[in-house]
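Report on the following structure.
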Amino acid sequence: MDIKLKKFSHSIITKIIVFMIAIVCFTGVIRAFIEVEIVNDGDFNSVVESNYLKSRTYIQESERIISDLTRLIGEYKNEEHILSGETISEEEWKSTEENLFSDYQHNSRKYNPELSEEKNYEMFKEEYEDKISQAKDELIKEDLREFHLLMQNLETYEAPLFYGSDGTNVFTNNTKIEKEQFKTYPAYMIFEGYKRDFYPKEANENEYLYRITEQIDELDIENTVISVAFTEEFLDRKTKEWQENKAIATKNLYSLVGFLAGFILSFVYLVLVIGRKSFKDQELHLFAVDKLYNDINIVICICLLPLWVTLVDDLFENIVKLIIPITIPFAILGFVLVLSLVKHFKNKTLIKHTLIYTIIYKLVKFIGDVYRSGSIGVKTVLIVIGYPILVALTFFMFPVTIGVAAWFAFKKIKSFKAIQDGVERIKDGNLHHRLEVAGKGEFGSLAAGINSITDGLKKSVDSELKSERLKTELITNVSHDIRTPLTSIITYVDLLKNEKDPSKVVEYIEVLDQKSKRLKILTDDLFEATKASSGNMPVNFEKIDILSLITQGLGEVNDKIEALDLEFKMNYPKEKVYITGDGKLLWRSIENLLSNIFKYAFKGSRVYISIEDLGSDILLTFKNVSAYELNISADELMERFKRGDESRSSQGSGLGLSIAKSLIEIQKGKFNIQIDGDLFKAMIYLPKHKS
């Protein structure tokens with residue numbers, strides 16, 4: 001079951017289905033909000049309200065009437081009061097006069113800044129008398145318009161019934177003026193002086209009642225009476241409307257919660273699986289829409305919202321029916337773009353895949369490439385032209401630009417000084433000194449070049465010293481190895497001249513034969529080593545079965561193997577492996593290695609030969625335990641005339657490994673040796689034959 005779920009969790013069909021669910025849920029959330037906005041004025045409170053008298057709707061019915069009554073009673077009172085200018089507040093009139101005085105200062109020729117402000121103000125009142133009177137009339141007209149507008153609003157209210165009075169002015173929509181008359185209705189609120197009376201009891205417990213009492217508190221309540229009563233017919237109708245709206249709000253709240261939960265789950269799922277084919281998939285798969293630059297993507301997403309709001313506003317009259325067909329295309333496009341941003345976030349390309357980043361990166365890269373690849377002249381022109389442009393573009397942060405330029409110049413001077421000091425030290429003979437200059441600019445390249453020259457000089461000096469040492473050792477070793485058999489030959493020739501015993505003569509001649517052959521082998525090895533290292537030997541490349549070559553070779557030297565009681569262990573692939581090389585030269589190299597083993601291997605020990613297929617190369621490895629203590633490095637052992645026994649008491653020229661290495665290298669192979677204590681290991685890398 002788990003395997004099936006894993007199989008379908010990232011399938012394209014599953015993603016499409018979940019995407020559709022997300023769109024449906026999102027549209028459902030929007031539709032629920034729109035319905036509550038239209039029917040319940042965006043209020044979900046009716047869901048938890050127990051009855052109409054405790055609802056916000058009940059307070060709103062009285063709030064509008066009481067708001068108009070408090071403004072009429074407290075501010076406007078009547079037309080005579082307004083015409084007398086009593087409704088114009090001190091702050092309002094002061095602001096009007098200040099505006100006129102400012103106009104006087106800028107436009108009047110009579111204004112004299114050398115006079116005191118009081119004198120100028122008197123002159124202003126004289127010159128602007130008509131304008132001041134006109135401004136006062138405008139304020140009175142505005143208050144009259146507001147007064148008549150409030151009176152018209154009150155005339156539209158047939159219910160609830162209301163009565164408001166400050167002792168002089170009366171505002172009502174019925175003939176009842178006594179509070180006892182208002183108390184005959186099933187619901188009322190009466191404000192008389194400091195007394196407040198609410199009926200029924202539930203109305204007094206309404207949490208929104210403060211919205212009415214705050215307006216009453218702003219009045220001079222000593223002679224003020226405001227009464228509002230709800231008729232039974234009006235109360236029943238409003239209660240029924242409230243219950244219907246409560247049912248709609250409850251249904252939409254449940255829809256909202258359900259759709260919101262579905263949207264969150266489906267969207268989170270899409271965020272987790274988008275761009276992957278499985279949870280173990282490390283690669284992120286991008287599609288055509290993901291090629292859209294992320295900043296353009298974000299701009300489109302931002303523009304979608306006001307466009308959707310504009311369409312909703314234009315079609316508001318039929319929005320309940322049209323909200324779904326309007327929202328779905330916007331939601332599809334929006335979610336596709338958002339999921340594309342999610343993919344780039346997971347791919348760590350949210351910033352890099354933006355148009356702004358791409359332009360800046362390409363511009364910087366272009367300038368950098370020109371700067372790095374161009375001549376000093378090109379770079380100088382870039383700096384001379386580019387820096388003033390940069391200063392002009394960043395004029396608002398000029399100190400920062402100057403600081404950056406100073407830092408850049410200091411860095412370059414520091415690099416130049418480091419090169420100058422380094423060259424002096426190298427000139428004085430310190431070839432181990434390195435110029436440490438960071439960066440890839442001109443100074444960095446110059447420092448790298450000087451370091452390369454220093455390395456070359458150091459290698460040349462080391463090579464020359466090594467060459468001198470090798471020459472000295474070569475002369476010493478050749479002299480020793482040639483002189484030994486030659487001295488024996490001279491000695492035995494002298495003995496032979498005076499010897500009369502035939503048996504001794506035969507013995508002397510046998511020694512002379514051995515020493516002359518030894519001298520011949522030494523000169524042949526020296527000639528072969530010189531010829532192999534020069535690379536002048538002809539090479540006949542052919543396909544060689546390496547296992548067969550070694551097996552046949554071991555058969556030829558079987559007598560020596562048995563004499564030394566050595567046990568050879570072979571390890572090789574099941575399938576045959578072939579190399580490309582010269583059979584004779586390869587066997588000569590292997591023969592030298594075997595000869596080395598026979599001379600220095602511990603008697604009665606094991607010798608391991610392994611063949612490994614490395615793909616393009618074949619690795620041939622020889623391992624044996626030396627009978628002599630190997631207090632010498634692998635590099636020294638590869639030098640000519642070097643032997644495993646420093647006493648040079650063993651037979652051999654010390655050229656075997658050097659010859660083997662040269663012969664392998666002219667066959668396009670590699671020859672290495674390793675020494676670990678008394679363990680000797682030779683490794684031959686040869687090119688594998690290509691069928």
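Numbering starts fresh at 1 for the residues of each chain in the structure tokens, the chains themselves are lettered A, B, ... in the order given, and ligands are numbered from 1 as they appear.
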Would you kindly return, as a PyMOL selection string, each protein, DNA or RNA residue with an atom no farther than 7 Å from any atom of region 589-594 of chain A, considering only C-alpha atoms and excluding same-chain residues fewer than 6 positions away?
-> chain A and resi 656-657+660+663-664
Serialized selection, N, CA and C atoms, as a compact mmCIF listing (two decimals), in the first residue's frame:
```
# COMPACT_ATOMS: atom_id res chain seq x y z
N GLY A 656 68.70 -2.16 -13.44
CA GLY A 656 67.51 -2.92 -13.84
C GLY A 656 66.22 -2.14 -13.77
N LEU A 657 65.96 -1.48 -12.62
CA LEU A 657 64.70 -0.73 -12.45
C LEU A 657 64.68 0.49 -13.36
N ALA A 660 63.85 -0.79 -16.80
CA ALA A 660 62.44 -1.19 -16.85
C ALA A 660 61.53 0.03 -16.97
N LEU A 663 61.78 1.54 -20.49
CA LEU A 663 61.13 0.69 -21.49
C LEU A 663 59.60 0.78 -21.40
N ILE A 664 59.07 0.87 -20.19
CA ILE A 664 57.62 1.00 -20.02
C ILE A 664 57.13 2.35 -20.53
```
Find the spatial neighbours of region 122-130 of chain A, counting only C-alpha atoms, within a cut-off of 8 Å - ignore same-chain residues fewer than 5 positions away - and output them as a list in words.
->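 My reading of the contact set: Leu100, Phe101, Tyr104, Lys110 and Tyr111 of chain A.
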Dump as a CSV table (one decimal), in the first residue's frame, selection limited to C-alpha atoms:
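To be explicit, this is the file written out as result-v6.csv:
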```
chain,number,residue,atom,x,y,z
A,100,LEU,CA,-6.7,84.8,4.2
A,101,PHE,CA,-3.9,86.6,6.0
A,104,TYR,CA,-2.7,89.0,2.1
A,110,LYS,CA,0.2,97.1,1.6
A,111,TYR,CA,1.8,94.3,3.5
```
Report the distance between CA of Asp314 (chain A) and CA of Glu244 (chain A) in Å, rounded to one decimal place.
->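 So the two atoms, CA of Asp314 (chain A) and CA of Glu244 (chain A), lie 27.2 Å apart.
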Could you name the residues that touch Ser452 (chain A) at 12 Å or less, counting only C-alpha atoms, but leaving out those on the same chain fewer than 6 positions away, as a PyMOL selection string?
-> chain A and resi 431-435+445-446+458-459
Restrict the selected residues to N, CA and C atoms and save them as a PDB file, in the first residue's frame.
```pdb
ATOM      1  N   LEU A 431      64.991  31.971  -3.507  1.00  0.00           N
ATOM      2  CA  LEU A 431      64.094  31.357  -4.506  1.00  0.00           C
ATOM      3  C   LEU A 431      62.873  30.696  -3.872  1.00  0.00           C
ATOM      4  N   HIS A 432      62.838  30.603  -2.537  1.00  0.00           N
ATOM      5  CA  HIS A 432      61.683  30.011  -1.853  1.00  0.00           C
ATOM      6  C   HIS A 432      60.601  31.048  -1.548  1.00  0.00           C
ATOM      7  N   HIS A 433      60.871  32.315  -1.799  1.00  0.00           N
ATOM      8  CA  HIS A 433      59.894  33.364  -1.514  1.00  0.00           C
ATOM      9  C   HIS A 433      58.764  33.331  -2.546  1.00  0.00           C
ATOM     10  N   ARG A 434      57.516  33.483  -2.054  1.00  0.00           N
ATOM     11  CA  ARG A 434      56.336  33.495  -2.930  1.00  0.00           C
ATOM     12  C   ARG A 434      55.666  34.860  -2.865  1.00  0.00           C
ATOM     13  N   LEU A 435      55.225  35.353  -4.006  1.00  0.00           N
ATOM     14  CA  LEU A 435      54.473  36.615  -4.053  1.00  0.00           C
ATOM     15  C   LEU A 435      53.001  36.305  -3.824  1.00  0.00           C
ATOM     16  N   SER A 445      48.183  38.548 -12.159  1.00  0.00           N
ATOM     17  CA  SER A 445      48.830  37.809 -13.258  1.00  0.00           C
ATOM     18  C   SER A 445      50.344  38.002 -13.228  1.00  0.00           C
ATOM     19  N   LEU A 446      50.775  39.247 -12.941  1.00  0.00           N
ATOM     20  CA  LEU A 446      52.211  39.527 -12.874  1.00  0.00           C
ATOM     21  C   LEU A 446      52.865  38.730 -11.743  1.00  0.00           C
ATOM     22  N   LYS A 458      64.052  27.610  -9.412  1.00  0.00           N
ATOM     23  CA  LYS A 458      64.317  26.681  -8.320  1.00  0.00           C
ATOM     24  C   LYS A 458      64.475  25.252  -8.831  1.00  0.00           C
ATOM     25  N   LYS A 459      63.572  24.877  -9.787  1.00  0.00           N
ATOM     26  CA  LYS A 459      63.661  23.535 -10.371  1.00  0.00           C
ATOM     27  C   LYS A 459      64.970  23.359 -11.143  1.00  0.00           C
TER      28      LYS A 459
END
```
Taking only region 52-204 of chain A into account, list the residues labelled strand (DSSP E or B) by DSSP (computed from the backbone), as a JSON list (two decimals) with C-alpha atoms, in the first residue's frame.
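Everything below was put into result_38.json:
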```json
[["chain", "number", "residue", "atom", "x", "y", "z"],
["A", 161, "LEU", "CA", -39.96, 56.21, 16.24],
["A", 162, "PHE", "CA", -37.79, 58.99, 17.68],
["A", 163, "TYR", "CA", -38.03, 62.24, 19.64],
["A", 164, "GLY", "CA", -35.22, 64.65, 20.38],
["A", 165, "SER", "CA", -35.25, 68.03, 22.14],
["A", 170, "VAL", "CA", -37.76, 69.56, 18.79],
["A", 171, "PHE", "CA", -37.04, 66.85, 16.19],
["A", 172, "THR", "CA", -39.45, 63.92, 15.85],
["A", 187, "ALA", "CA", -38.39, 47.92, 22.80],
["A", 188, "TYR", "CA", -37.12, 51.43, 23.51],
["A", 189, "MET", "CA", -34.20, 53.53, 24.75],
["A", 190, "ILE", "CA", -34.69, 56.87, 26.51],
["A", 191, "PHE", "CA", -32.03, 59.46, 27.43],
["A", 192, "GLU", "CA", -33.29, 62.25, 29.70],
["A", 195, "LYS", "CA", -30.95, 59.08, 33.17],
["A", 196, "ARG", "CA", -30.76, 56.24, 30.65],
["A", 197, "ASP", "CA", -33.51, 53.70, 30.25],
["A", 198, "PHE", "CA", -33.25, 50.59, 28.01],
["A", 199, "TYR", "CA", -35.93, 48.01, 27.42]]
```
Of the residues A:Ile274, A:Val461, A:Thr401, A:Lys412, which is the one nearest to Phe443 (chain A), using only C-alpha atoms?
-> A:Lys412
Nearest to Lys246 (chain A): which of A:Leu564, A:Val47, A:Leu619, A:Leu585 is it, counting only C-alpha atoms?
->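 Closest to Lys246 (chain A) of all the choices is A:Val47.
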Work out how far apart CA of Lys661 (chain A) and CA of Tyr685 (chain A) are and give it in Å to one decimal.
->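 For CA of Lys661 (chain A) relative to CA of Tyr685 (chain A), the distance reads 10.8 Å.
You will find CA of Gly583 (chain A) at 11.4 Å from CA of Gly553 (chain A).
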List every residue of region 17-217 of chain A that DSSP, applied to the backbone of this structure, assigns to helix (DSSP H, G or I), and report them as a PDB file with C-alpha atoms, in the first residue's frame.
```pdb
ATOM      1  CA  ILE A  17      -6.285  16.866  -9.337  1.00  0.00           C
ATOM      2  CA  VAL A  18      -4.861  18.508  -6.193  1.00  0.00           C
ATOM      3  CA  PHE A  19      -4.321  21.750  -8.143  1.00  0.00           C
ATOM      4  CA  MET A  20      -8.002  21.723  -9.176  1.00  0.00           C
ATOM      5  CA  ILE A  21      -9.018  21.064  -5.557  1.00  0.00           C
ATOM      6  CA  ALA A  22      -6.897  24.059  -4.464  1.00  0.00           C
ATOM      7  CA  ILE A  23      -8.607  26.284  -7.070  1.00  0.00           C
ATOM      8  CA  VAL A  24     -12.099  25.113  -6.006  1.00  0.00           C
ATOM      9  CA  CYS A  25     -11.314  25.649  -2.310  1.00  0.00           C
ATOM     10  CA  PHE A  26      -9.783  29.077  -2.929  1.00  0.00           C
ATOM     11  CA  THR A  27     -12.813  30.139  -4.993  1.00  0.00           C
ATOM     12  CA  GLY A  28     -15.082  28.798  -2.234  1.00  0.00           C
ATOM     13  CA  VAL A  29     -13.267  30.932   0.361  1.00  0.00           C
ATOM     14  CA  ILE A  30     -13.661  34.055  -1.804  1.00  0.00           C
ATOM     15  CA  ARG A  31     -17.361  33.337  -2.459  1.00  0.00           C
ATOM     16  CA  ALA A  32     -18.043  32.875   1.275  1.00  0.00           C
ATOM     17  CA  PHE A  33     -16.344  36.210   2.037  1.00  0.00           C
ATOM     18  CA  ILE A  34     -18.306  38.017  -0.708  1.00  0.00           C
ATOM     19  CA  GLU A  35     -21.653  36.671   0.517  1.00  0.00           C
ATOM     20  CA  VAL A  36     -20.930  37.722   4.094  1.00  0.00           C
ATOM     21  CA  GLU A  37     -19.733  41.143   2.853  1.00  0.00           C
ATOM     22  CA  ILE A  38     -22.966  41.754   0.921  1.00  0.00           C
ATOM     23  CA  VAL A  39     -25.528  40.152   3.227  1.00  0.00           C
ATOM     24  CA  ASN A  45     -20.539  38.271  14.731  1.00  0.00           C
ATOM     25  CA  SER A  46     -24.186  37.305  14.164  1.00  0.00           C
ATOM     26  CA  VAL A  47     -23.038  33.660  14.256  1.00  0.00           C
ATOM     27  CA  TYR A  52     -31.559  40.323  17.767  1.00  0.00           C
ATOM     28  CA  LEU A  53     -31.669  42.680  20.776  1.00  0.00           C
ATOM     29  CA  LYS A  54     -28.084  41.722  21.659  1.00  0.00           C
ATOM     30  CA  ARG A  56     -24.827  44.788  16.412  1.00  0.00           C
ATOM     31  CA  THR A  57     -27.650  45.176  13.861  1.00  0.00           C
ATOM     32  CA  TYR A  58     -30.070  46.315  16.596  1.00  0.00           C
ATOM     33  CA  ILE A  59     -27.667  49.066  17.710  1.00  0.00           C
ATOM     34  CA  GLN A  60     -27.042  50.156  14.100  1.00  0.00           C
ATOM     35  CA  GLU A  61     -30.775  50.802  13.622  1.00  0.00           C
ATOM     36  CA  SER A  62     -30.710  53.363  16.445  1.00  0.00           C
ATOM     37  CA  GLU A  63     -27.149  54.579  15.955  1.00  0.00           C
ATOM     38  CA  ARG A  64     -27.814  56.402  12.669  1.00  0.00           C
ATOM     39  CA  ILE A  65     -30.879  58.233  14.090  1.00  0.00           C
ATOM     40  CA  ILE A  66     -29.161  59.182  17.349  1.00  0.00           C
ATOM     41  CA  SER A  67     -26.073  60.367  15.440  1.00  0.00           C
ATOM     42  CA  ASP A  68     -28.220  62.778  13.389  1.00  0.00           C
ATOM     43  CA  LEU A  69     -30.180  63.916  16.460  1.00  0.00           C
ATOM     44  CA  THR A  70     -27.052  64.629  18.528  1.00  0.00           C
ATOM     45  CA  ARG A  71     -25.568  66.746  15.714  1.00  0.00           C
ATOM     46  CA  LEU A  72     -28.797  68.724  15.305  1.00  0.00           C
ATOM     47  CA  ILE A  73     -29.326  69.238  19.035  1.00  0.00           C
ATOM     48  CA  GLY A  74     -25.720  69.785  20.006  1.00  0.00           C
ATOM     49  CA  GLU A  75     -24.403  71.765  17.003  1.00  0.00           C
ATOM     50  CA  TYR A  76     -26.951  73.166  14.531  1.00  0.00           C
ATOM     51  CA  GLU A  79     -31.659  78.022  11.070  1.00  0.00           C
ATOM     52  CA  GLU A  80     -31.550  81.211  13.173  1.00  0.00           C
ATOM     53  CA  HIS A  81     -28.753  79.735  15.262  1.00  0.00           C
ATOM     54  CA  ILE A  82     -26.793  78.888  12.127  1.00  0.00           C
ATOM     55  CA  LEU A  83     -27.377  82.283  10.442  1.00  0.00           C
ATOM     56  CA  GLU A  90     -13.152  79.282  17.018  1.00  0.00           C
ATOM     57  CA  GLU A  91     -10.680  76.823  15.468  1.00  0.00           C
ATOM     58  CA  GLU A  92     -12.532  76.818  12.166  1.00  0.00           C
ATOM     59  CA  TRP A  93     -12.698  80.612  11.994  1.00  0.00           C
ATOM     60  CA  LYS A  94      -9.069  81.016  13.071  1.00  0.00           C
ATOM     61  CA  SER A  95      -7.925  78.657  10.298  1.00  0.00           C
ATOM     62  CA  THR A  96      -9.994  80.636   7.733  1.00  0.00           C
ATOM     63  CA  GLU A  97      -8.499  83.960   8.848  1.00  0.00           C
ATOM     64  CA  GLU A  98      -4.956  82.540   8.768  1.00  0.00           C
ATOM     65  CA  ASN A  99      -5.456  81.390   5.177  1.00  0.00           C
ATOM     66  CA  LEU A 100      -6.724  84.845   4.190  1.00  0.00           C
ATOM     67  CA  PHE A 101      -3.855  86.558   6.023  1.00  0.00           C
ATOM     68  CA  SER A 102      -1.350  84.331   4.212  1.00  0.00           C
ATOM     69  CA  ASP A 103      -2.950  85.390   0.931  1.00  0.00           C
ATOM     70  CA  TYR A 104      -2.661  89.027   2.074  1.00  0.00           C
ATOM     71  CA  GLN A 105       1.056  88.604   2.836  1.00  0.00           C
ATOM     72  CA  HIS A 106       1.850  87.220  -0.619  1.00  0.00           C
ATOM     73  CA  ASN A 107      -0.481  89.281  -2.796  1.00  0.00           C
ATOM     74  CA  GLU A 117       2.382  91.725  13.116  1.00  0.00           C
ATOM     75  CA  GLU A 118      -0.444  93.474  15.002  1.00  0.00           C
ATOM     76  CA  LYS A 119      -0.235  96.527  12.696  1.00  0.00           C
ATOM     77  CA  ASN A 120      -0.170  94.364   9.588  1.00  0.00           C
ATOM     78  CA  TYR A 121      -3.157  92.397  10.945  1.00  0.00           C
ATOM     79  CA  GLU A 122      -5.189  95.595  11.378  1.00  0.00           C
ATOM     80  CA  MET A 123      -4.364  96.640   7.805  1.00  0.00           C
ATOM     81  CA  PHE A 124      -5.305  93.115   6.631  1.00  0.00           C
ATOM     82  CA  LYS A 125      -8.767  93.356   8.259  1.00  0.00           C
ATOM     83  CA  GLU A 126      -9.395  96.716   6.608  1.00  0.00           C
ATOM     84  CA  GLU A 127      -8.347  95.624   3.112  1.00  0.00           C
ATOM     85  CA  GLU A 129     -13.086  93.107   5.027  1.00  0.00           C
ATOM     86  CA  ASP A 130     -15.216  91.935   2.107  1.00  0.00           C
ATOM     87  CA  LYS A 131     -13.310  88.688   1.694  1.00  0.00           C
ATOM     88  CA  ILE A 132     -13.580  87.953   5.421  1.00  0.00           C
ATOM     89  CA  SER A 133     -17.346  88.571   5.311  1.00  0.00           C
ATOM     90  CA  GLN A 134     -17.647  86.429   2.204  1.00  0.00           C
ATOM     91  CA  ALA A 135     -15.674  83.594   3.866  1.00  0.00           C
ATOM     92  CA  LYS A 136     -17.994  83.753   6.901  1.00  0.00           C
ATOM     93  CA  ASP A 137     -21.051  83.555   4.669  1.00  0.00           C
ATOM     94  CA  GLU A 138     -19.595  80.492   2.933  1.00  0.00           C
ATOM     95  CA  LEU A 139     -19.125  78.740   6.278  1.00  0.00           C
ATOM     96  CA  ILE A 140     -22.703  79.572   7.282  1.00  0.00           C
ATOM     97  CA  LYS A 141     -23.995  78.236   3.945  1.00  0.00           C
ATOM     98  CA  GLU A 142     -22.094  75.002   4.417  1.00  0.00           C
ATOM     99  CA  ASP A 143     -23.600  74.555   7.887  1.00  0.00           C
ATOM    100  CA  LEU A 144     -27.099  75.313   6.499  1.00  0.00           C
ATOM    101  CA  ARG A 145     -26.636  72.696   3.787  1.00  0.00           C
ATOM    102  CA  GLU A 146     -25.538  70.168   6.423  1.00  0.00           C
ATOM    103  CA  PHE A 147     -28.497  71.100   8.653  1.00  0.00           C
ATOM    104  CA  HIS A 148     -31.053  70.593   5.880  1.00  0.00           C
ATOM    105  CA  LEU A 149     -29.364  67.322   4.838  1.00  0.00           C
ATOM    106  CA  LEU A 150     -29.707  65.997   8.382  1.00  0.00           C
ATOM    107  CA  MET A 151     -33.351  67.095   8.510  1.00  0.00           C
ATOM    108  CA  GLN A 152     -34.015  65.269   5.221  1.00  0.00           C
ATOM    109  CA  ASN A 153     -32.395  62.131   6.615  1.00  0.00           C
ATOM    110  CA  LEU A 154     -34.649  62.218   9.660  1.00  0.00           C
ATOM    111  CA  GLU A 155     -37.727  62.646   7.471  1.00  0.00           C
ATOM    112  CA  LYS A 179     -41.358  59.247  27.583  1.00  0.00           C
ATOM    113  CA  GLU A 180     -44.267  57.265  29.064  1.00  0.00           C
ATOM    114  CA  GLN A 181     -45.739  57.081  25.577  1.00  0.00           C
ATOM    115  CA  PHE A 182     -42.491  55.580  24.256  1.00  0.00           C
ATOM    116  CA  LYS A 201     -33.328  43.783  29.589  1.00  0.00           C
ATOM    117  CA  GLU A 202     -31.456  42.080  26.700  1.00  0.00           C
ATOM    118  CA  ALA A 203     -30.941  45.467  25.012  1.00  0.00           C
ATOM    119  CA  ASN A 204     -29.166  46.784  28.117  1.00  0.00           C
ATOM    120  CA  TYR A 210     -21.284  52.177  23.906  1.00  0.00           C
ATOM    121  CA  ARG A 211     -21.509  53.363  20.275  1.00  0.00           C
ATOM    122  CA  ILE A 212     -24.738  55.219  21.212  1.00  0.00           C
ATOM    123  CA  THR A 213     -23.880  56.347  24.731  1.00  0.00           C
ATOM    124  CA  GLU A 214     -20.598  57.922  23.544  1.00  0.00           C
ATOM    125  CA  GLN A 215     -22.565  60.230  21.226  1.00  0.00           C
ATOM    126  CA  ILE A 216     -25.024  61.159  23.988  1.00  0.00           C
ATOM    127  CA  ASP A 217     -22.152  61.991  26.359  1.00  0.00           C
TER     128      ASP A 217
END
```
